[in-house]
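Peer 1: So that we are looking at the same thing, I have put the structure below in structure tokens.
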Amino acid sequence: MDHAKEQFGREQPPATTDDGDIVINSNHGAKGLQRDLKDRLKPDSDGPVSRDSSDREIPARPSSRTVHRILKIAAGVAIVAVFGWMPLKAIWQTSSVEAVVNARIVTLRTPIDGTVSSKSGHSTASSVVKEGDIILRVVNARGDRNRLDDLRRQMSRLDNERPTLTAKLASSQTLQQDLARQASQFREGRILQLEARIAEIQSAIEAAASRREEAAAAVERASSLIKSGSVSTVELARLTRDQSVAHQIEIGARRRLDAANVELTAAKNGTYIGDSYNDRPSSVQREEEMRQRVGDINADLAHADTEIDWLSHEIASEQLHYIARSEADITAPVSGRIWEMMTSTGEDVRAGQALLKLLDCNGAVVTANVTESVYNRLQLGEQAKFEPNDSSLAIKGVIVNLTGASGAPANLAINPDALNKEPYRVTVSMPGIGATGKDCEVGRTGRVVFDQDAPK
């Protein structure tokens with residue numbers, strides 16, 4: 001029994017596995033169990049220890065397993081630090097939940113009725129077009145040209161009337177010149193006639209004055225002889241009467257001279273005074289009538305020229321209007337690509353009908369949805385950047401619209417309602433997207449990071 005007790009109280013060294021782990025033996029005593037627990041709870045930096053028979057701890061070199069564990073822990077910490085930084089950074093940043101590259105849609109409509117014909121190279125969807133390129137053409141072979149035809153008929157009538165007016169004007173001018181020459185000759189002849197009459201009257205006045213002087217001398221002689229009885233009273237009376245008649249004849253001649261001078265002065269001024277004719281002779285009157293006719297023809301000719309000039313401008317303008325009503329080129333107002341072709345070659349269309357939708361690549365934007373807390377912190381004009389999911393370079397932009405939960409603009413290629421993870425929507429202008437030369441890349445996904453600290 002003492003031998004068994006001695007065997008039981010003897011300390012047995014702890015058993016270890018192949019990896020160096022200590023295996024607790026049930027045969028150990030309380031003291032050995034306490035020692036084993038102490039070895040397990042002791043930090044690895046102290047390294048394993050060995051014991052001798054007197055229970056003294058002897059430090060041992062660190063095992064290779066301990067070093068391996070330390071390296072694995074360090075590598076794990078490094079991996080967590082590197083790959084965990086990006087999600088942690090994303091959590092700290094103010095960003096969107098979803099984002100997609102978008103662009104505005106330009107709808108092109110036909111201005112006239114007609115038949116559609118396509119321009120080669122731009123007849124299919126997704127074709128790239130430049131500003132000013134002709135995409136489609138609408139031709140109306142039944143365009144209204146009634147007004148154009150009426151204007152051309154008026155022009156033809158005036159063109160036919162103008163030579164007649166020109167001929168009438170030339171004939172009237174020739175006749176007016178003849179009548180003017182006749183009137184001038186009549187005036188010159190009348191002046192010469194009046195001058196001759198005045199000369200005749202002056203001669204008659206001189207003769208009457210001579211007879212008056214002779215009669216006065218005879219009366220004076222008879223008056224001196226009547227006292228002597230040589231001349232009778234009857235003879236004196238006759239001589240006195242002759243003197244009076246001669247005096248009246250002289251006065252009458254002078255009155256005729258005054259009248260002739262009046263006629264001469266009037267004739268020189270273009271007015272003719274006489275008992276047998278009006279103030280103007282027939283040649284002068286006809287010349288005046290012909291002058292009026294020439295003036296009327298000139299007025300008609302000037303009116304015709306004015307009408308022809310006006311009709312020329314109206315015909316040119318109506319010609320352009322007719323061409324605009326019969327032919328219409330559908331040109332691209334912006335550079336981009338065809339988003340949707342809504343008609344085909346040979347189709348009859350009505351004025352105002354939509355023909356195609358054009359993607360405005362110059363006005364590319366990014367539509368994104370954000371959480372309510374992020375939306376309430378955003379403001380128009382803040383800086384933002386779009387980070388594509390393909391790891392390409394970020395593109396800078398500016399917030400241009402905050403629609404929140406309200407309806408989004410309907411003229412975008414991709415309806416913002418398609419982003420349904422969050423109801424609050426933001427529109428960011430991205431001019432750099434259209435400048436990349438990659439056809440807008442509408443539909444490209446990514447996220448928008450908002451830089452609220454950047455100056456506005």
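By convention in this document, the chains of the structure tokens carry letters A, B, ... by their order, each chain's residues are numbered from 1, and ligands are numbered from 1 in the order they are shown.
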Mind checking which residues fall within 7 Å of Ala253 in chain A, counting only C-alpha atoms, ignoring those fewer than 2 positions away in the same chain, and posting them as a list in words?
Peer 2: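 Everything that qualifies: Ile201, Ala204, Ile205, Ile249, Glu250, Ile251, Arg255, Arg256 and Leu257 of chain A.
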Peer 1: Please produce, as JSON lines, a per-residue contact table for range 336-412 of chain A versus range 107-118 of chain A (criterion: any atom at most 6 Å away, only C-alpha atoms considered), showing the nearest atom pair and its distance in Å to one decimal, sorted by chain then residue number.
Peer 2:
{"residue": "A:Thr345", "atom": "CA", "partner": "A:Ser117", "partner_atom": "CA", "distance": 4.8}
{"residue": "A:Gly346", "atom": "CA", "partner": "A:Val116", "partner_atom": "CA", "distance": 5.2}
{"residue": "A:Glu347", "atom": "CA", "partner": "A:Val116", "partner_atom": "CA", "distance": 5.5}
{"residue": "A:Asp348", "atom": "CA", "partner": "A:Thr115", "partner_atom": "CA", "distance": 4.5}
{"residue": "A:Val349", "atom": "CA", "partner": "A:Gly114", "partner_atom": "CA", "distance": 5.7}
{"residue": "A:Arg350", "atom": "CA", "partner": "A:Asp113", "partner_atom": "CA", "distance": 4.4}
{"residue": "A:Ala351", "atom": "CA", "partner": "A:Ile112", "partner_atom": "CA", "distance": 4.3}
{"residue": "A:Gly352", "atom": "CA", "partner": "A:Thr110", "partner_atom": "CA", "distance": 5.3}
{"residue": "A:Gln353", "atom": "CA", "partner": "A:Arg109", "partner_atom": "CA", "distance": 5.3}
{"residue": "A:Ala354", "atom": "CA", "partner": "A:Arg109", "partner_atom": "CA", "distance": 4.2}
{"residue": "A:Leu355", "atom": "CA", "partner": "A:Arg109", "partner_atom": "CA", "distance": 5.3}
{"residue": "A:Leu356", "atom": "CA", "partner": "A:Leu108", "partner_atom": "CA", "distance": 5.6}
{"residue": "A:Lys357", "atom": "CA", "partner": "A:Thr107", "partner_atom": "CA", "distance": 4.5}
Peer 1: Taking N, CA and C atoms for each residue, export the selection above as a compact mmCIF listing (two decimals), in the first residue's frame.
Peer 2:
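File produced: out.txt:
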# COMPACT_ATOMS: atom_id res chain seq x y z
N THR A 345 -38.61 55.09 -94.25
CA THR A 345 -38.59 55.66 -95.59
C THR A 345 -39.87 55.31 -96.33
N GLY A 346 -40.46 56.33 -96.97
CA GLY A 346 -41.67 56.13 -97.74
C GLY A 346 -42.95 56.33 -96.96
N GLU A 347 -42.85 56.57 -95.69
CA GLU A 347 -44.05 56.75 -94.87
C GLU A 347 -44.60 58.17 -95.04
N ASP A 348 -45.93 58.28 -95.14
CA ASP A 348 -46.59 59.57 -95.19
C ASP A 348 -46.80 60.09 -93.77
N VAL A 349 -46.38 61.31 -93.52
CA VAL A 349 -46.47 61.89 -92.19
C VAL A 349 -47.25 63.19 -92.26
N ARG A 350 -47.76 63.61 -91.11
CA ARG A 350 -48.50 64.85 -90.98
C ARG A 350 -47.65 65.89 -90.28
N ALA A 351 -47.98 67.15 -90.51
CA ALA A 351 -47.22 68.24 -89.88
C ALA A 351 -47.31 68.11 -88.36
N GLY A 352 -46.15 68.22 -87.69
CA GLY A 352 -46.09 68.10 -86.24
C GLY A 352 -45.84 66.70 -85.74
N GLN A 353 -45.82 65.72 -86.63
CA GLN A 353 -45.60 64.34 -86.20
C GLN A 353 -44.14 64.14 -85.85
N ALA A 354 -43.88 63.40 -84.74
CA ALA A 354 -42.51 63.12 -84.31
C ALA A 354 -41.87 62.11 -85.25
N LEU A 355 -40.67 62.43 -85.71
CA LEU A 355 -39.96 61.56 -86.64
C LEU A 355 -38.87 60.74 -85.95
N LEU A 356 -38.12 61.37 -85.06
CA LEU A 356 -37.03 60.66 -84.39
C LEU A 356 -36.67 61.40 -83.11
N LYS A 357 -35.95 60.69 -82.26
CA LYS A 357 -35.43 61.27 -81.03
C LYS A 357 -33.91 61.23 -81.08
Peer 1: Which is closer to Arg190 in chain A than all the others in A:Lys119, A:Lys268, A:Lys130, A:Arg447, using only C-alpha atoms?
Peer 2: A:Lys268
Peer 1: With a distance cut-off of 12 Å and only C-alpha atoms, select the neighbouring residues of range 153-157 of chain A, excluding the residue or stretch itself and same-chain residues fewer than 4 positions from it, and output the selection as a list of chain:residue names.
Peer 2: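 In the requested form, the answer reads A:Asn146, A:Arg147, A:Leu148, A:Asp149, A:Glu161, A:Arg162, A:Pro163, A:Thr164, A:Ala304, A:Asp305, A:Thr306, A:Glu307, A:Ile308, A:Asp309, A:Trp310, A:Leu311, A:Ser312, A:His313, A:Glu314, A:Ile315.
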Peer 1: Just the strand (DSSP E) stuff from range 187-365 of chain A, please, per backbone DSSP, written as a PyMOL selection string.
Peer 2: chain A and resi 327-331+336-341+348-349+354-365
Peer 1: Could you take the residues named above and write them with N, CA and C atoms, as a PDB file, in the first residue's frame?
Peer 2:
ATOM      1  N   GLU A 327     -40.895  70.963 -99.367  1.00  0.00           N
ATOM      2  CA  GLU A 327     -39.699  70.206 -99.006  1.00  0.00           C
ATOM      3  C   GLU A 327     -39.197  70.687 -97.649  1.00  0.00           C
ATOM      4  N   ALA A 328     -38.775  69.759 -96.837  1.00  0.00           N
ATOM      5  CA  ALA A 328     -38.243  70.102 -95.508  1.00  0.00           C
ATOM      6  C   ALA A 328     -37.121  69.134 -95.169  1.00  0.00           C
ATOM      7  N   ASP A 329     -35.964  69.697 -94.873  1.00  0.00           N
ATOM      8  CA  ASP A 329     -34.824  68.899 -94.417  1.00  0.00           C
ATOM      9  C   ASP A 329     -34.831  68.857 -92.897  1.00  0.00           C
ATOM     10  N   ILE A 330     -34.817  67.671 -92.348  1.00  0.00           N
ATOM     11  CA  ILE A 330     -34.778  67.498 -90.897  1.00  0.00           C
ATOM     12  C   ILE A 330     -33.311  67.418 -90.506  1.00  0.00           C
ATOM     13  N   THR A 331     -32.796  68.488 -89.909  1.00  0.00           N
ATOM     14  CA  THR A 331     -31.384  68.572 -89.541  1.00  0.00           C
ATOM     15  C   THR A 331     -31.208  68.391 -88.043  1.00  0.00           C
ATOM     16  N   GLY A 336     -24.820  64.445 -81.549  1.00  0.00           N
ATOM     17  CA  GLY A 336     -25.208  63.316 -80.706  1.00  0.00           C
ATOM     18  C   GLY A 336     -25.401  62.074 -81.551  1.00  0.00           C
ATOM     19  N   ARG A 337     -26.351  61.268 -81.148  1.00  0.00           N
ATOM     20  CA  ARG A 337     -26.665  60.079 -81.929  1.00  0.00           C
ATOM     21  C   ARG A 337     -28.161  59.835 -81.875  1.00  0.00           C
ATOM     22  N   ILE A 338     -28.642  59.111 -82.860  1.00  0.00           N
ATOM     23  CA  ILE A 338     -30.069  58.828 -82.951  1.00  0.00           C
ATOM     24  C   ILE A 338     -30.436  57.843 -81.855  1.00  0.00           C
ATOM     25  N   TRP A 339     -31.372  58.245 -81.020  1.00  0.00           N
ATOM     26  CA  TRP A 339     -31.810  57.401 -79.910  1.00  0.00           C
ATOM     27  C   TRP A 339     -32.971  56.497 -80.314  1.00  0.00           C
ATOM     28  N   GLU A 340     -33.904  57.047 -81.098  1.00  0.00           N
ATOM     29  CA  GLU A 340     -35.055  56.256 -81.537  1.00  0.00           C
ATOM     30  C   GLU A 340     -35.549  56.802 -82.865  1.00  0.00           C
ATOM     31  N   MET A 341     -35.667  55.919 -83.871  1.00  0.00           N
ATOM     32  CA  MET A 341     -36.221  56.286 -85.166  1.00  0.00           C
ATOM     33  C   MET A 341     -37.693  55.915 -85.168  1.00  0.00           C
ATOM     34  N   ASP A 348     -45.928  58.275 -95.135  1.00  0.00           N
ATOM     35  CA  ASP A 348     -46.591  59.574 -95.186  1.00  0.00           C
ATOM     36  C   ASP A 348     -46.797  60.085 -93.768  1.00  0.00           C
ATOM     37  N   VAL A 349     -46.382  61.311 -93.525  1.00  0.00           N
ATOM     38  CA  VAL A 349     -46.465  61.892 -92.191  1.00  0.00           C
ATOM     39  C   VAL A 349     -47.254  63.186 -92.264  1.00  0.00           C
ATOM     40  N   ALA A 354     -43.881  63.405 -84.741  1.00  0.00           N
ATOM     41  CA  ALA A 354     -42.510  63.122 -84.307  1.00  0.00           C
ATOM     42  C   ALA A 354     -41.873  62.110 -85.250  1.00  0.00           C
ATOM     43  N   LEU A 355     -40.669  62.431 -85.713  1.00  0.00           N
ATOM     44  CA  LEU A 355     -39.958  61.560 -86.641  1.00  0.00           C
ATOM     45  C   LEU A 355     -38.870  60.743 -85.950  1.00  0.00           C
ATOM     46  N   LEU A 356     -38.115  61.371 -85.055  1.00  0.00           N
ATOM     47  CA  LEU A 356     -37.029  60.663 -84.388  1.00  0.00           C
ATOM     48  C   LEU A 356     -36.673  61.398 -83.110  1.00  0.00           C
ATOM     49  N   LYS A 357     -35.954  60.690 -82.262  1.00  0.00           N
ATOM     50  CA  LYS A 357     -35.431  61.269 -81.027  1.00  0.00           C
ATOM     51  C   LYS A 357     -33.913  61.232 -81.080  1.00  0.00           C
ATOM     52  N   LEU A 358     -33.330  62.374 -80.773  1.00  0.00           N
ATOM     53  CA  LEU A 358     -31.882  62.536 -80.861  1.00  0.00           C
ATOM     54  C   LEU A 358     -31.302  62.699 -79.467  1.00  0.00           C
ATOM     55  N   LEU A 359     -30.226  61.975 -79.210  1.00  0.00           N
ATOM     56  CA  LEU A 359     -29.554  62.037 -77.910  1.00  0.00           C
ATOM     57  C   LEU A 359     -28.567  63.196 -77.912  1.00  0.00           C
ATOM     58  N   ASP A 360     -28.770  64.159 -77.010  1.00  0.00           N
ATOM     59  CA  ASP A 360     -27.919  65.344 -76.919  1.00  0.00           C
ATOM     60  C   ASP A 360     -26.690  64.999 -76.085  1.00  0.00           C
ATOM     61  N   CYS A 361     -25.613  64.633 -76.771  1.00  0.00           N
ATOM     62  CA  CYS A 361     -24.401  64.233 -76.048  1.00  0.00           C
ATOM     63  C   CYS A 361     -23.701  65.430 -75.415  1.00  0.00           C
ATOM     64  N   ASN A 362     -23.931  66.627 -75.944  1.00  0.00           N
ATOM     65  CA  ASN A 362     -23.299  67.807 -75.345  1.00  0.00           C
ATOM     66  C   ASN A 362     -23.907  68.169 -74.001  1.00  0.00           C
ATOM     67  N   GLY A 363     -25.110  67.683 -73.732  1.00  0.00           N
ATOM     68  CA  GLY A 363     -25.761  67.981 -72.466  1.00  0.00           C
ATOM     69  C   GLY A 363     -25.848  66.763 -71.570  1.00  0.00           C
ATOM     70  N   ALA A 364     -24.805  65.953 -71.542  1.00  0.00           N
ATOM     71  CA  ALA A 364     -24.822  64.742 -70.733  1.00  0.00           C
ATOM     72  C   ALA A 364     -24.885  65.090 -69.248  1.00  0.00           C
ATOM     73  N   VAL A 365     -25.685  64.315 -68.515  1.00  0.00           N
ATOM     74  CA  VAL A 365     -25.827  64.489 -67.079  1.00  0.00           C
ATOM     75  C   VAL A 365     -25.739  63.119 -66.418  1.00  0.00           C
TER      76      VAL A 365
END
Peer 1: I need the residues of range 220-445 of chain A that end up classed as helix (DSSP H, G or I) by DSSP on the backbone, written out as an MDAnalysis selection string.
Peer 2: chainID A and resid 220:225 233:268 282:326 372:375 416:418 431:434 439:441
Peer 1: One decimal, in Å: what's the spacing between CA of Gly432 in chain A and CA of Thr371 in chain A?
Peer 2: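 CA of Thr371 in chain A lies at a distance of 25.8 Å from CA of Gly432 in chain A.
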Peer 1: Tell me, in Å to one decimal, how far CA of Asp178 in chain A is from CA of Ser283 in chain A.
Peer 2: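 Spanning CA of Asp178 in chain A to CA of Ser283 in chain A is a straight-line distance of 9.3 Å.
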Peer 1: Measuring between only C-alpha atoms, which one of A:Val366, A:Ala208, A:Ile399, A:Leu264 shows the shortest distance to Asn102 in chain A?
Peer 2: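 Of A:Val366, A:Ala208, A:Ile399, A:Leu264, the one nearest Asn102 in chain A is A:Val366, counting only C-alpha atoms.
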Peer 1: If I take CA of Leu175 in chain A and CA of Ala299 in chain A, how far is one from the other in Å, to one decimal?
Peer 2: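 Interatomic distance here is 18.1 Å.
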Peer 1: Which residue out of A:Val219, A:Ala405, A:Ile79, A:Val129 has the minimum interatomic distance to Asp417 in chain A when only C-alpha atoms are used?
Peer 2: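 Ranking A:Val219, A:Ala405, A:Ile79, A:Val129 by distance to Asp417 in chain A, first place goes to A:Ala405.
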Peer 1: From the list A:Ala180, A:Ala332, A:Ala196, A:Val234, which residue is nearest Ser127 in chain A when using only C-alpha atoms?
Peer 2: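 Distance minimum relative to Ser127 in chain A lands on A:Ala332.
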Peer 1: Counting only C-alpha atoms, what is within 12 Å of Ile414 in chain A, bar same-chain residues fewer than 4 positions away, as a PyMOL selection string?
Peer 2: chain A and resi 99-105+339+359+364-368+408-410+418-419+441-445
Peer 1: Take the residues just selected and output them with N, CA and C atoms as a PDB file, in the first residue's frame.
Peer 2:
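Writing done, so here's out-v4.pdb:
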ATOM      1  N   ALA A  99     -26.222  55.510 -59.511  1.00  0.00           N
ATOM      2  CA  ALA A  99     -26.001  56.607 -60.454  1.00  0.00           C
ATOM      3  C   ALA A  99     -25.841  56.028 -61.847  1.00  0.00           C
ATOM      4  N   VAL A 100     -26.337  56.752 -62.832  1.00  0.00           N
ATOM      5  CA  VAL A 100     -26.251  56.300 -64.213  1.00  0.00           C
ATOM      6  C   VAL A 100     -26.045  57.518 -65.106  1.00  0.00           C
ATOM      7  N   VAL A 101     -25.230  57.354 -66.130  1.00  0.00           N
ATOM      8  CA  VAL A 101     -25.003  58.421 -67.099  1.00  0.00           C
ATOM      9  C   VAL A 101     -26.256  58.581 -67.951  1.00  0.00           C
ATOM     10  N   ASN A 102     -26.720  59.821 -68.090  1.00  0.00           N
ATOM     11  CA  ASN A 102     -27.961  60.104 -68.789  1.00  0.00           C
ATOM     12  C   ASN A 102     -27.739  61.262 -69.753  1.00  0.00           C
ATOM     13  N   ALA A 103     -28.684  61.516 -70.593  1.00  0.00           N
ATOM     14  CA  ALA A 103     -28.596  62.644 -71.531  1.00  0.00           C
ATOM     15  C   ALA A 103     -30.004  63.056 -71.923  1.00  0.00           C
ATOM     16  N   ARG A 104     -30.129  64.307 -72.316  1.00  0.00           N
ATOM     17  CA  ARG A 104     -31.426  64.820 -72.708  1.00  0.00           C
ATOM     18  C   ARG A 104     -31.785  64.364 -74.123  1.00  0.00           C
ATOM     19  N   ILE A 105     -33.075  64.217 -74.340  1.00  0.00           N
ATOM     20  CA  ILE A 105     -33.588  63.755 -75.618  1.00  0.00           C
ATOM     21  C   ILE A 105     -34.179  64.951 -76.374  1.00  0.00           C
ATOM     22  N   TRP A 339     -31.372  58.245 -81.020  1.00  0.00           N
ATOM     23  CA  TRP A 339     -31.810  57.401 -79.910  1.00  0.00           C
ATOM     24  C   TRP A 339     -32.971  56.497 -80.314  1.00  0.00           C
ATOM     25  N   LEU A 359     -30.226  61.975 -79.210  1.00  0.00           N
ATOM     26  CA  LEU A 359     -29.554  62.037 -77.910  1.00  0.00           C
ATOM     27  C   LEU A 359     -28.567  63.196 -77.912  1.00  0.00           C
ATOM     28  N   ALA A 364     -24.805  65.953 -71.542  1.00  0.00           N
ATOM     29  CA  ALA A 364     -24.822  64.742 -70.733  1.00  0.00           C
ATOM     30  C   ALA A 364     -24.885  65.090 -69.248  1.00  0.00           C
ATOM     31  N   VAL A 365     -25.685  64.315 -68.515  1.00  0.00           N
ATOM     32  CA  VAL A 365     -25.827  64.489 -67.079  1.00  0.00           C
ATOM     33  C   VAL A 365     -25.739  63.119 -66.418  1.00  0.00           C
ATOM     34  N   VAL A 366     -25.674  63.133 -65.114  1.00  0.00           N
ATOM     35  CA  VAL A 366     -25.711  61.902 -64.326  1.00  0.00           C
ATOM     36  C   VAL A 366     -26.897  62.015 -63.378  1.00  0.00           C
ATOM     37  N   THR A 367     -27.784  61.046 -63.449  1.00  0.00           N
ATOM     38  CA  THR A 367     -28.911  60.994 -62.521  1.00  0.00           C
ATOM     39  C   THR A 367     -28.585  59.972 -61.445  1.00  0.00           C
ATOM     40  N   ALA A 368     -28.842  60.346 -60.213  1.00  0.00           N
ATOM     41  CA  ALA A 368     -28.495  59.487 -59.080  1.00  0.00           C
ATOM     42  C   ALA A 368     -29.608  59.564 -58.048  1.00  0.00           C
ATOM     43  N   ALA A 408     -39.520  63.117 -61.989  1.00  0.00           N
ATOM     44  CA  ALA A 408     -38.282  63.535 -62.643  1.00  0.00           C
ATOM     45  C   ALA A 408     -38.582  64.057 -64.043  1.00  0.00           C
ATOM     46  N   PRO A 409     -37.677  64.847 -64.636  1.00  0.00           N
ATOM     47  CA  PRO A 409     -37.888  65.341 -66.004  1.00  0.00           C
ATOM     48  C   PRO A 409     -38.114  64.203 -66.980  1.00  0.00           C
ATOM     49  N   ALA A 410     -39.016  64.456 -67.950  1.00  0.00           N
ATOM     50  CA  ALA A 410     -39.392  63.391 -68.875  1.00  0.00           C
ATOM     51  C   ALA A 410     -38.566  63.391 -70.146  1.00  0.00           C
ATOM     52  N   ALA A 418     -36.166  54.729 -62.880  1.00  0.00           N
ATOM     53  CA  ALA A 418     -35.585  53.391 -62.937  1.00  0.00           C
ATOM     54  C   ALA A 418     -34.644  53.125 -61.764  1.00  0.00           C
ATOM     55  N   LEU A 419     -34.115  54.186 -61.156  1.00  0.00           N
ATOM     56  CA  LEU A 419     -33.293  54.030 -59.955  1.00  0.00           C
ATOM     57  C   LEU A 419     -34.247  53.981 -58.765  1.00  0.00           C
ATOM     58  N   GLU A 441     -21.900  57.536 -73.649  1.00  0.00           N
ATOM     59  CA  GLU A 441     -21.906  56.376 -72.757  1.00  0.00           C
ATOM     60  C   GLU A 441     -23.133  56.382 -71.862  1.00  0.00           C
ATOM     61  N   VAL A 442     -24.280  56.642 -72.473  1.00  0.00           N
ATOM     62  CA  VAL A 442     -25.533  56.634 -71.724  1.00  0.00           C
ATOM     63  C   VAL A 442     -25.791  55.239 -71.186  1.00  0.00           C
ATOM     64  N   GLY A 443     -26.175  55.154 -69.915  1.00  0.00           N
ATOM     65  CA  GLY A 443     -26.407  53.882 -69.254  1.00  0.00           C
ATOM     66  C   GLY A 443     -25.233  53.393 -68.440  1.00  0.00           C
ATOM     67  N   ARG A 444     -24.083  54.064 -68.549  1.00  0.00           N
ATOM     68  CA  ARG A 444     -22.917  53.678 -67.764  1.00  0.00           C
ATOM     69  C   ARG A 444     -23.204  53.938 -66.286  1.00  0.00           C
ATOM     70  N   THR A 445     -22.915  52.944 -65.443  1.00  0.00           N
ATOM     71  CA  THR A 445     -23.264  53.031 -64.032  1.00  0.00           C
ATOM     72  C   THR A 445     -22.046  53.398 -63.197  1.00  0.00           C
TER      73      THR A 445
END
